[in-house]
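K.L.:
What follows is model03.txt, compact mmCIF, C-alpha atoms.
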# COMPACT_ATOMS: atom_id res chain seq x y z
CA MET A 14 -66.26 25.17 8.08
CA SER A 15 -65.33 26.88 11.28
CA GLU A 16 -62.43 24.86 12.62
CA VAL A 17 -59.82 22.32 11.58
CA ILE A 18 -57.68 20.30 13.97
CA ASN A 19 -54.57 18.38 12.94
CA HIS A 20 -53.46 15.57 15.28
CA ASN A 21 -50.22 14.11 13.89
CA GLY A 22 -51.54 14.19 10.37
CA LYS A 23 -55.10 13.10 11.26
CA ILE A 24 -57.18 16.04 10.15
CA VAL A 25 -60.59 16.68 11.71
CA ALA A 26 -62.79 19.38 10.25
CA ASP A 27 -65.92 20.82 11.84
CA GLN A 28 -68.62 20.04 9.28
CA ARG A 29 -71.25 22.31 10.78
CA PRO A 30 -71.82 25.59 8.97
CA ALA A 31 -70.94 28.90 10.61
CA ASP A 32 -73.41 30.25 13.16
CA ASP A 33 -75.03 32.73 10.76
CA ILE A 34 -76.09 29.90 8.40
CA ALA A 35 -79.12 27.94 9.57
CA GLY A 36 -78.69 24.16 9.34
CA GLN A 37 -81.44 22.41 7.37
CA SER A 38 -82.46 18.79 7.77
CA PRO A 39 -83.26 16.67 4.68
CA LEU A 40 -86.94 17.11 5.61
CA HIS A 41 -86.72 20.90 5.85
CA HIS A 42 -89.07 21.29 2.88
CA ALA A 43 -91.77 19.18 4.58
CA ASP A 44 -92.10 21.89 7.27
CA LEU A 45 -92.78 19.44 10.09
CA ASN A 46 -92.95 22.27 12.63
CA SER A 47 -96.05 23.77 10.96
CA LEU A 48 -97.62 20.32 10.64
CA ALA A 49 -96.96 19.76 14.34
CA SER A 50 -98.78 22.92 15.38
CA GLN A 51 -101.59 22.88 12.78
CA GLY A 52 -102.12 19.16 12.13
CA PRO A 53 -104.06 16.59 14.19
CA GLN A 54 -103.04 16.30 17.83
CA THR A 55 -104.29 12.76 18.47
CA GLY A 56 -103.83 9.58 16.46
CA GLY A 57 -102.37 6.09 16.47
CA VAL A 58 -98.94 7.01 15.12
CA THR A 59 -96.67 9.88 16.14
CA ILE A 60 -93.68 10.88 14.03
CA GLN A 61 -90.98 13.16 15.29
CA GLU A 62 -87.84 14.11 13.42
CA ARG A 63 -84.56 14.47 15.31
CA PRO A 64 -82.88 16.81 12.84
CA LEU A 65 -79.18 17.67 12.62
CA GLN A 66 -77.91 15.02 15.04
CA GLY A 67 -74.22 14.15 14.96
CA LEU A 68 -73.66 10.66 13.50
CA LEU A 69 -70.22 9.07 13.58
CA ASN A 70 -69.40 5.81 11.85
CA LEU A 71 -66.78 3.91 13.85
CA ARG A 72 -64.84 0.93 12.53
CA CYS A 73 -62.45 -0.76 14.92
CA ASN A 74 -61.48 -4.15 16.31
CA LYS A 75 -63.58 -5.44 19.21
CA ALA A 76 -60.83 -7.95 20.06
CA ASP A 77 -58.40 -5.08 20.73
CA LYS A 78 -58.79 -4.41 24.47
CA LYS A 79 -57.06 -1.02 24.24
CA GLN A 80 -59.56 0.19 21.64
CA VAL A 81 -62.56 -1.11 23.58
CA THR A 82 -61.31 0.61 26.73
CA ALA A 83 -60.65 3.85 24.84
CA VAL A 84 -64.17 3.86 23.36
CA LYS A 85 -65.67 3.40 26.83
CA LYS A 86 -63.59 6.28 28.15
CA LEU A 87 -64.45 8.58 25.23
CA LEU A 88 -68.18 7.89 25.10
CA GLY A 89 -68.90 6.80 28.65
CA VAL A 90 -70.63 3.76 27.16
CA ALA A 91 -69.14 0.32 26.54
CA LEU A 92 -68.86 -0.79 22.91
CA PRO A 93 -71.82 -3.14 22.27
CA CYS A 94 -70.05 -6.21 20.87
CA ASP A 95 -73.06 -8.54 20.64
CA PRO A 96 -74.76 -8.62 17.24
CA LEU A 97 -77.74 -6.27 16.82
CA SER A 98 -77.27 -4.60 20.19
CA SER A 99 -76.94 -0.99 21.27
CA ALA A 100 -75.81 0.91 24.34
CA SER A 101 -76.64 4.42 25.43
CA ASN A 102 -76.36 7.08 28.08
CA ASP A 103 -77.82 10.59 28.30
CA ASP A 104 -75.39 12.00 25.72
CA SER A 105 -74.90 9.31 23.13
CA VAL A 106 -76.19 6.10 21.59
CA ILE A 107 -73.88 3.53 20.05
CA ARG A 108 -75.33 0.94 17.69
CA TRP A 109 -73.85 -2.32 16.40
CA LEU A 110 -73.97 -2.31 12.58
CA SER A 111 -71.68 -5.22 11.74
CA PRO A 112 -68.92 -7.17 13.55
CA ASP A 113 -66.42 -4.32 13.09
CA GLU A 114 -68.69 -1.31 12.59
CA TRP A 115 -70.73 0.90 14.90
CA LEU A 116 -72.85 4.03 14.52
CA VAL A 117 -72.60 6.63 17.27
CA SER A 118 -75.14 9.41 17.60
CA VAL A 119 -74.56 12.50 19.70
CA ASP A 120 -75.92 16.02 19.83
CA GLY A 121 -75.09 17.76 16.54
CA ALA A 122 -73.08 20.44 18.32
CA LYS A 123 -70.89 17.85 20.06
CA ALA A 124 -69.91 15.71 17.06
CA PHE A 125 -66.81 17.73 16.21
CA GLU A 126 -65.62 17.75 19.81
CA LEU A 127 -66.04 13.97 20.05
CA GLU A 128 -64.37 13.38 16.70
CA ALA A 129 -61.36 15.44 17.79
CA ALA A 130 -61.21 13.55 21.11
CA PHE A 131 -61.21 10.24 19.20
CA GLN A 132 -58.39 11.28 16.90
CA ALA A 133 -56.35 12.36 19.91
CA ASN A 134 -56.99 9.35 22.17
CA MET A 135 -58.01 6.29 20.16
CA PRO A 136 -55.14 3.79 19.74
CA GLY A 137 -54.47 1.35 16.93
CA HIS A 138 -55.95 0.92 13.49
CA TYR A 139 -59.47 2.34 13.23
CA SER A 140 -61.69 4.66 11.24
CA LEU A 141 -64.07 7.33 12.46
CA VAL A 142 -66.09 9.18 9.85
CA ASN A 143 -68.61 11.92 10.42
CA VAL A 144 -71.66 10.83 8.41
CA SER A 145 -74.11 13.32 9.96
CA GLY A 146 -74.88 14.91 6.61
CA GLY A 147 -75.89 11.62 5.01
CA TYR A 148 -78.75 10.69 7.31
CA THR A 149 -81.67 11.95 9.32
CA ILE A 150 -83.41 10.37 12.28
CA LEU A 151 -87.16 9.78 12.62
CA GLU A 152 -88.86 8.51 15.74
CA ILE A 153 -92.12 6.63 15.36
CA SER A 154 -94.25 6.02 18.42
CA GLY A 155 -97.85 5.35 19.39
CA ASP A 156 -100.23 2.40 19.63
CA HIS A 157 -99.92 1.61 15.91
CA ALA A 158 -96.20 2.34 15.44
CA VAL A 159 -95.59 -1.43 15.29
CA ASP A 160 -98.15 -1.78 12.50
CA VAL A 161 -96.40 0.87 10.40
CA ILE A 162 -93.06 -0.96 10.82
CA LYS A 163 -94.74 -4.26 9.92
CA LYS A 164 -96.03 -2.76 6.67
CA SER A 165 -92.63 -1.42 5.74
CA ALA A 166 -89.94 -3.92 6.75
CA PRO A 167 -89.59 -7.74 6.54
CA ILE A 168 -88.51 -8.15 10.17
CA ASP A 169 -90.19 -9.79 13.14
CA VAL A 170 -91.16 -6.95 15.49
CA HIS A 171 -92.58 -9.12 18.27
CA GLN A 172 -91.02 -8.23 21.63
CA SER A 173 -89.61 -11.77 21.91
CA SER A 174 -87.44 -11.33 18.81
CA PHE A 175 -87.11 -7.54 18.75
CA PRO A 176 -86.64 -6.42 22.36
CA ASN A 177 -85.91 -2.85 23.46
CA ASP A 178 -82.46 -1.53 22.45
CA LYS A 179 -82.10 -4.03 19.63
CA VAL A 180 -80.82 -2.53 16.36
CA VAL A 181 -81.41 -3.96 12.89
CA SER A 182 -80.36 -2.69 9.48
CA THR A 183 -82.95 -3.82 7.00
CA VAL A 184 -84.95 -2.91 3.94
CA PHE A 185 -87.65 -0.36 4.65
CA ALA A 186 -90.27 0.20 1.93
CA LYS A 187 -88.12 0.39 -1.23
CA SER A 188 -85.26 1.97 0.71
CA GLY A 189 -83.34 0.93 3.82
CA ALA A 190 -83.23 1.94 7.46
CA ILE A 191 -81.40 1.28 10.68
CA ILE A 192 -84.19 0.55 13.15
CA ARG A 193 -83.76 0.64 16.92
CA ARG A 194 -86.51 -0.16 19.39
CA ILE A 195 -86.51 2.45 22.13
CA ALA A 196 -89.60 1.15 23.95
CA GLU A 197 -92.40 -1.29 23.18
CA ASP A 198 -94.28 1.22 21.02
CA HIS A 199 -91.39 3.54 20.18
CA PHE A 200 -88.93 3.05 17.29
CA GLU A 201 -86.06 5.08 15.90
CA LEU A 202 -85.34 5.01 12.15
CA ILE A 203 -82.04 6.26 10.77
CA ILE A 204 -82.58 6.90 7.06
CA ARG A 205 -80.47 8.12 4.17
CA ARG A 206 -80.98 11.80 3.41
CA SER A 207 -81.64 11.13 -0.28
CA PHE A 208 -84.51 8.80 0.69
CA ALA A 209 -85.87 11.05 3.45
CA ASP A 210 -88.55 12.65 1.29
CA TYR A 211 -89.63 9.30 -0.18
CA LEU A 212 -89.85 7.68 3.26
CA TRP A 213 -91.69 10.66 4.72
CA ILE A 214 -94.32 10.30 1.98
CA TRP A 215 -94.38 6.50 2.51
CA LEU A 216 -94.83 6.90 6.28
CA GLN A 217 -97.67 9.38 5.83
CA ASP A 218 -99.42 6.89 3.57
CA ALA A 219 -98.69 3.89 5.80
CA SER A 220 -99.97 5.64 8.93
CA ARG A 221 -103.04 7.28 7.34
CA GLU A 222 -105.44 4.56 8.50
CA TYR A 223 -104.29 4.95 12.14
CA GLY A 224 -104.14 8.75 12.19
CA LEU A 225 -100.79 10.51 11.97
CA VAL A 226 -99.60 13.06 14.51
CA VAL A 227 -96.47 15.07 13.81
CA LYS A 228 -94.55 16.18 16.86
CA ARG A 229 -91.85 18.81 16.83
CA MET B 30 -88.99 -16.67 0.00
CA LEU B 31 -85.91 -18.16 1.59
CA HIS B 32 -85.31 -17.63 5.28
CA ILE B 33 -81.56 -17.20 5.62
CA PHE B 34 -79.45 -17.35 8.79
CA CYS B 35 -76.79 -14.62 8.74
CA PRO B 36 -73.78 -15.92 10.73
CA HIS B 37 -72.71 -12.35 11.56
CA CYS B 38 -76.10 -11.05 12.74
CA ALA B 39 -76.78 -14.48 14.28
CA GLU B 40 -80.42 -14.55 13.26
CA TYR B 41 -82.73 -15.47 10.41
CA ARG B 42 -83.68 -12.76 7.93
CA GLU B 43 -85.72 -12.58 4.76
CA GLU B 44 -84.08 -13.34 1.40
CA GLU B 45 -84.92 -9.76 0.34
CA GLU B 46 -82.00 -8.52 2.46
CA PHE B 47 -79.43 -10.78 0.75
CA HIS B 48 -77.71 -11.13 -2.61
CA SER B 49 -76.16 -14.27 -4.01
CA LYS B 50 -72.64 -13.83 -5.36
CA GLY B 51 -72.07 -17.19 -7.04
CA GLN B 52 -69.78 -20.09 -6.29
CA ALA B 53 -67.77 -19.95 -3.05
CA HIS B 54 -64.20 -21.01 -2.26
CA LEU B 55 -62.64 -19.72 -5.48
CA ALA B 56 -58.91 -19.53 -4.84
CA ARG B 57 -57.16 -16.84 -6.84
CA PRO B 58 -53.98 -18.23 -8.42
CA LEU B 59 -51.05 -17.16 -6.22
CA ASP B 60 -48.95 -16.09 -9.20
CA PRO B 61 -51.30 -14.84 -11.96
CA GLU B 62 -48.37 -13.96 -14.21
CA ALA B 63 -47.31 -17.59 -14.31
CA CYS B 64 -50.78 -18.88 -15.28
CA SER B 65 -51.50 -20.15 -18.76
CA ASP B 66 -54.48 -18.56 -20.52
CA ALA B 67 -56.40 -21.77 -19.90
CA GLU B 68 -55.74 -21.69 -16.14
CA TRP B 69 -56.58 -18.00 -15.83
CA GLY B 70 -59.72 -18.42 -17.95
CA GLU B 71 -60.74 -21.36 -15.76
CA TYR B 72 -60.38 -19.17 -12.66
CA LEU B 73 -62.16 -16.15 -14.13
CA TYR B 74 -65.06 -17.65 -16.06
CA PHE B 75 -65.74 -21.29 -15.34
CA ARG B 76 -68.10 -22.21 -12.52
CA LYS B 77 -69.62 -25.42 -11.23
CA ASN B 78 -73.28 -26.08 -11.82
CA PRO B 79 -73.90 -29.13 -9.67
CA ARG B 80 -77.10 -31.03 -9.16
CA GLY B 81 -77.29 -31.32 -5.37
CA ILE B 82 -74.97 -29.81 -2.77
CA HIS B 83 -73.45 -26.48 -3.78
CA HIS B 84 -71.35 -23.97 -1.83
CA GLU B 85 -72.24 -20.35 -2.57
CA LEU B 86 -71.05 -16.90 -1.56
CA TRP B 87 -73.77 -14.57 -0.29
CA ILE B 88 -73.84 -11.04 1.11
CA HIS B 89 -76.20 -9.63 3.74
CA ALA B 90 -76.61 -6.54 1.58
CA ALA B 91 -79.29 -4.64 3.52
CA GLY B 92 -78.10 -5.80 6.95
CA CYS B 93 -74.53 -6.07 8.19
CA ARG B 94 -73.15 -5.89 4.61
CA LYS B 95 -70.78 -8.80 5.25
CA PHE B 96 -70.07 -11.78 2.99
CA PHE B 97 -70.64 -15.34 4.15
CA ASN B 98 -70.90 -18.80 2.61
CA MET B 99 -73.90 -21.05 2.26
CA THR B 100 -74.28 -24.74 1.50
CA ARG B 101 -77.44 -25.25 -0.51
CA ASP B 102 -79.11 -28.15 -2.26
CA THR B 103 -79.84 -27.04 -5.81
CA VAL B 104 -82.48 -29.75 -6.22
CA THR B 105 -84.62 -29.08 -3.16
CA TYR B 106 -83.50 -25.45 -2.51
CA GLU B 107 -82.85 -26.54 1.08
CA ILE B 108 -80.22 -24.44 2.86
CA LYS B 109 -78.01 -26.91 4.73
CA GLU B 110 -75.89 -24.35 6.60
CA THR B 111 -74.36 -20.89 6.49
CA TYR B 112 -70.83 -20.21 7.71
CA LYS B 113 -68.36 -17.34 7.85
CA ILE B 114 -65.65 -16.70 5.29
CA GLY B 115 -62.54 -18.69 6.19
CA GLU B 116 -64.50 -21.54 7.79
CA LYS B 117 -64.92 -24.96 6.24
CA PRO B 118 -68.38 -26.32 5.35
CA SER B 119 -69.54 -29.22 7.50
CA VAL B 120 -71.89 -30.49 4.81
CA THR B 121 -70.26 -31.48 1.50
CA ALA B 122 -71.28 -33.54 -1.52
CA GLN B 123 -69.00 -36.34 -0.31
CA SER B 124 -70.49 -36.59 3.18
Reformat the file's structure so that it appears as structure tokens.

P.N.:
Amino acid sequence: MSEVINHNGKIVADQRPADDIAGQSPLHHADLNSLASQGPQTGGVTIQERPLQGLLNLRCNKADKKQVTAVKKLLGVALPCDPLSSASNDDSVIRWLSPDEWLVSVDGAKAFELEAAFQANMPGHYSLVNVSGGYTILEISGDHAVDVIKKSAPIDVHQSSFPNDKVVSTVFAKSGAIIRRIAEDHFELIIRRSFADYLWIWLQDASREYGLVVKR
Amino acid sequence: MLHIFCPHCAEYREEEEFHSKGQAHLARPLDPEACSDAEWGEYLYFRKNPRGIHHELWIHAAGCRKFFNMTRDTVTYEIKETYKIGEKPSVTAQS
């Protein structure tokens, strides 16, 4: 823990380890970097981990105009109030999780800064929790990415019911995932760290018939 | 499999994502201390088991993780409607 800030009793601690300790994603043991350089380079499904991203769970009131304005000012993106929607800019993505709950992702190095800015500027009754350590992010893309999702989750992935930028929390294999469609053949899965190994093995199996490419 | 409309997510999802939590609209006695054992026992343990229209509490466990109510026909398994907590059902056994 390198830094702690105290704003009127709201304590924010930097959860990243000191610089001389290397951060490890929940899939560190799978050595995706070696697989990326030594494994197949072409195939129907490409998997890329986005390790060590900053994930902040925000709970606030979308009917409170002051809070909505403050979120827009802090993130540069308006709070997506419609069910199953998301909003993003170059720095952050904010996903609707439930009527009073959102998941914000930013660069891992910026999470602490953003958290501190929230505690200093966000009005009213709210909660912001750094949940970076509990999850990891996988991106699945390629011609058969849709087929892998279809095998794993009971959701309709047709473009007409799952357009780009839509976010769903659902069951994924025997675990769960927060799935966002980035492009027609490009999905983002946010998965629990304790299920990361299981889902990595599941995804390898599910994408075997299409050919799996690991990207770093 | 049931296809259930979540009033918070505003779309149909598979039953797999939901859990049933039993009878809906159970009002907790305002003053538990003043209840007789019979009244408190009635509140805690006794539930309806109707043939026909039944109001149930469900949770979208794998989705938005919010509770909502459902009106269901226990004979045909038909889901008549789902509605948010605090709202009144539009379909009842009387109507």

K.L.:
Give me, as a VMD selection string, the contact residues of chain B against chain A at a cut-off of 12 Å, counting only C-alpha atoms.

P.N.:
chain B and resid 30 32 35 to 47 89 to 96 113

K.L.:
Could you check which residues have any atom within 6 Å of (-83.2, -0.4, 16.7), counting all atoms listed in the file with coordinates taken straight from the file, and then list them as a list in words?

P.N.:
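Here the neighbourhood of the point contains Asp178, Lys179, Val180, Val181, Ile192, Arg193 and Arg194 of chain A.
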
K.L.:
Kindly export the residues of the current selection with C-alpha atoms, as a JSON list (two decimals), in the coordinates of the input.

P.N.:
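Below is the file that was written, selection20.json:
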[["chain", "number", "residue", "atom", "x", "y", "z"],
["A", 178, "ASP", "CA", -82.46, -1.53, 22.45],
["A", 179, "LYS", "CA", -82.10, -4.03, 19.63],
["A", 180, "VAL", "CA", -80.82, -2.53, 16.36],
["A", 181, "VAL", "CA", -81.41, -3.96, 12.89],
["A", 192, "ILE", "CA", -84.19, 0.55, 13.15],
["A", 193, "ARG", "CA", -83.76, 0.64, 16.92],
["A", 194, "ARG", "CA", -86.51, -0.16, 19.39]]

K.L.:
To one decimal place in Å, what is the distance between atom CA of Lys109 of chain B and atom CA of Leu31 of chain B?

P.N.:
12.2 Å

K.L.:
Under the rule that all atoms listed in the file are counted, which of A:Glu16, A:Asp32, A:Asp27, A:Glu62 is the nearest residue to Glu201 of chain A?

P.N.:
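Checking each candidate against Glu201 of chain A, we get A:Glu62 as the closest.
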
K.L.:
Measuring atom to atom with only C-alpha atoms, identify which of B:Leu86, B:Ala56, B:Ile108, B:Ile33 is nearest to Leu73 of chain B.

P.N.:
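For Leu73 of chain B, the nearest of the given residues is B:Ala56.
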
K.L.:
For Thr103 of chain B, which residue among B:Pro79, B:Gly51, B:Pro58, B:Gly70 is the nearest when counting only C-alpha atoms?

P.N.:
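Looking only at the distances to Thr103 of chain B, the closest residue turns out to be B:Pro79.
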
K.L.:
Pick out the residues sitting within 9 Å of segment 70-76 of chain A, and hand them over as a list in words; count all atoms listed in the file, and ignore anything fewer than 5 positions along from it in its own chain.

P.N.:
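Residues near the query, excluding close chain neighbours: Val81, Leu92, Cys94, Pro112, Asp113, Glu114, Trp115, Leu116, Val117, Ser118, Gly137, His138, Tyr139, Ser140, Leu141, Val142, Asn143 and Val144 of chain A.
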
K.L.:
Quick one: write out the picked residues with C-alpha atoms as a PDB file, keeping the file's coordinate frame?

P.N.:
ATOM      1  CA  VAL A  81     -62.560  -1.110  23.580  1.00  0.00           C
ATOM      2  CA  LEU A  92     -68.860  -0.790  22.910  1.00  0.00           C
ATOM      3  CA  CYS A  94     -70.050  -6.210  20.870  1.00  0.00           C
ATOM      4  CA  PRO A 112     -68.920  -7.170  13.550  1.00  0.00           C
ATOM      5  CA  ASP A 113     -66.420  -4.320  13.090  1.00  0.00           C
ATOM      6  CA  GLU A 114     -68.690  -1.310  12.590  1.00  0.00           C
ATOM      7  CA  TRP A 115     -70.730   0.900  14.900  1.00  0.00           C
ATOM      8  CA  LEU A 116     -72.850   4.030  14.520  1.00  0.00           C
ATOM      9  CA  VAL A 117     -72.600   6.630  17.270  1.00  0.00           C
ATOM     10  CA  SER A 118     -75.140   9.410  17.600  1.00  0.00           C
ATOM     11  CA  GLY A 137     -54.470   1.350  16.930  1.00  0.00           C
ATOM     12  CA  HIS A 138     -55.950   0.920  13.490  1.00  0.00           C
ATOM     13  CA  TYR A 139     -59.470   2.340  13.230  1.00  0.00           C
ATOM     14  CA  SER A 140     -61.690   4.660  11.240  1.00  0.00           C
ATOM     15  CA  LEU A 141     -64.070   7.330  12.460  1.00  0.00           C
ATOM     16  CA  VAL A 142     -66.090   9.180   9.850  1.00  0.00           C
ATOM     17  CA  ASN A 143     -68.610  11.920  10.420  1.00  0.00           C
ATOM     18  CA  VAL A 144     -71.660  10.830   8.410  1.00  0.00           C
TER      19      VAL A 144
END

K.L.:
So, counting only C-alpha atoms, which residue among B:Ser49, B:Tyr74, B:Leu59, B:His83 is closest to Val104 of chain B?

P.N.:
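Of B:Ser49, B:Tyr74, B:Leu59, B:His83, the one nearest Val104 of chain B, counting only C-alpha atoms, is B:His83.
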
K.L.:
With a distance cut-off of 7 Å and only C-alpha atoms, select the neighbouring residues of Ile204 of chain A, excluding the residue or stretch itself and same-chain residues fewer than 2 positions from it, and output the selection as a ChimeraX atom specification.

P.N.:
/A:148-150,189-191,202,206,208-209

K.L.:
Find the residues near segment 126-134 of chain A: any atom within 7 Å, counting all atoms listed in the file, skip ones fewer than 2 places away on the same chain, and give them as a list in words.

P.N.:
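Contacts, in chain order: His20, Lys23, Val25, Lys123, Ala124 and Pro136 of chain A.
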
K.L.:
Counting only C-alpha atoms, which residue out of A:Val106, A:Leu225, A:Val84, A:Ile24 sits closest to Leu68 of chain A?

P.N.:
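Closest residue, counting only C-alpha atoms: A:Val106.
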
K.L.:
Measure the distance from atom CA of Ala53 of chain B to atom CA of Asn78 of chain B in Å and round it to one decimal.

P.N.:
12.0 Å

K.L.:
Have a look at A:Val226, A:Val90, A:Leu65, A:Val170 and name the one nearest to Ser38 of chain A; count only C-alpha atoms.

P.N.:
A:Leu65

K.L.:
Please report the interatomic distance between atom CA of Gly224 of chain A and atom CA of Thr55 of chain A in Å with one decimal.

P.N.:
7.5 Å

K.L.:
Name all residues at most 12 Å from Asp44 of chain A (count all atoms listed in the file; drop same-chain ones fewer than 4 positions away) and give them as a list of chain:residue names.

P.N.:
A:Gln37, A:Ser38, A:Pro39, A:Leu40, A:Leu48, A:Ala49, A:Ser50, A:Gln51, A:Gly52, A:Gln61, A:Glu62, A:Pro64, A:Asp210, A:Trp213, A:Val227, A:Lys228, A:Arg229

K.L.:
Considering all atoms listed in the file, return as a ChimeraX atom specification whatever protein or nucleic-acid residues lie within 10 Å of segment 117-119 of chain B, sequence-local ones (same chain, fewer than 2 positions apart) excluded.

P.N.:
/B:54,84,98-100,109-115,121,124

K.L.:
What would segment 62-83 of chain B look like with N, CA and C atoms restored, written as a compact mmCIF listing (two decimals), in the coordinates of the input?

P.N.:
# COMPACT_ATOMS: atom_id res chain seq x y z
N GLU B 62 -49.25 -14.12 -13.06
CA GLU B 62 -48.37 -13.96 -14.21
C GLU B 62 -47.92 -15.30 -14.77
N ALA B 63 -47.82 -16.29 -13.89
CA ALA B 63 -47.31 -17.59 -14.31
C ALA B 63 -48.41 -18.50 -14.85
N CYS B 64 -49.67 -18.04 -14.81
CA CYS B 64 -50.78 -18.88 -15.28
C CYS B 64 -50.80 -18.95 -16.80
N SER B 65 -51.22 -20.08 -17.32
CA SER B 65 -51.50 -20.15 -18.76
C SER B 65 -52.86 -19.49 -18.99
N ASP B 66 -53.18 -19.15 -20.21
CA ASP B 66 -54.48 -18.56 -20.52
C ASP B 66 -55.61 -19.49 -20.10
N ALA B 67 -55.37 -20.79 -20.25
CA ALA B 67 -56.40 -21.77 -19.90
C ALA B 67 -56.66 -21.76 -18.39
N GLU B 68 -55.58 -21.69 -17.60
CA GLU B 68 -55.74 -21.69 -16.14
C GLU B 68 -56.44 -20.41 -15.66
N TRP B 69 -56.00 -19.29 -16.24
CA TRP B 69 -56.58 -18.00 -15.83
C TRP B 69 -58.05 -17.92 -16.26
N GLY B 70 -58.33 -18.40 -17.46
CA GLY B 70 -59.72 -18.42 -17.95
C GLY B 70 -60.59 -19.31 -17.07
N GLU B 71 -60.03 -20.42 -16.65
CA GLU B 71 -60.74 -21.36 -15.76
C GLU B 71 -61.12 -20.65 -14.46
N TYR B 72 -60.16 -19.90 -13.91
CA TYR B 72 -60.38 -19.17 -12.66
C TYR B 72 -61.41 -18.06 -12.84
N LEU B 73 -61.29 -17.32 -13.95
CA LEU B 73 -62.16 -16.15 -14.13
C LEU B 73 -63.60 -16.52 -14.50
N TYR B 74 -63.75 -17.50 -15.42
CA TYR B 74 -65.06 -17.65 -16.06
C TYR B 74 -65.79 -18.96 -15.77
N PHE B 75 -65.06 -20.00 -15.40
CA PHE B 75 -65.74 -21.29 -15.34
C PHE B 75 -66.21 -21.63 -13.93
N ARG B 76 -67.50 -21.95 -13.82
CA ARG B 76 -68.10 -22.21 -12.52
C ARG B 76 -68.80 -23.56 -12.55
N LYS B 77 -68.90 -24.15 -11.35
CA LYS B 77 -69.62 -25.42 -11.23
C LYS B 77 -71.12 -25.16 -11.34
N ASN B 78 -71.83 -26.18 -11.78
CA ASN B 78 -73.28 -26.08 -11.82
C ASN B 78 -73.84 -27.42 -11.37
N PRO B 79 -73.59 -27.76 -10.10
CA PRO B 79 -73.90 -29.13 -9.67
C PRO B 79 -75.38 -29.36 -9.44
N ARG B 80 -75.76 -30.62 -9.56
CA ARG B 80 -77.10 -31.03 -9.16
C ARG B 80 -76.94 -31.60 -7.76
N GLY B 81 -77.46 -30.87 -6.76
CA GLY B 81 -77.29 -31.32 -5.37
C GLY B 81 -76.56 -30.26 -4.55
N ILE B 82 -75.65 -30.73 -3.70
CA ILE B 82 -74.97 -29.81 -2.77
C ILE B 82 -74.06 -28.82 -3.49
N HIS B 83 -74.25 -27.53 -3.15
CA HIS B 83 -73.45 -26.48 -3.78
C HIS B 83 -73.07 -25.45 -2.72
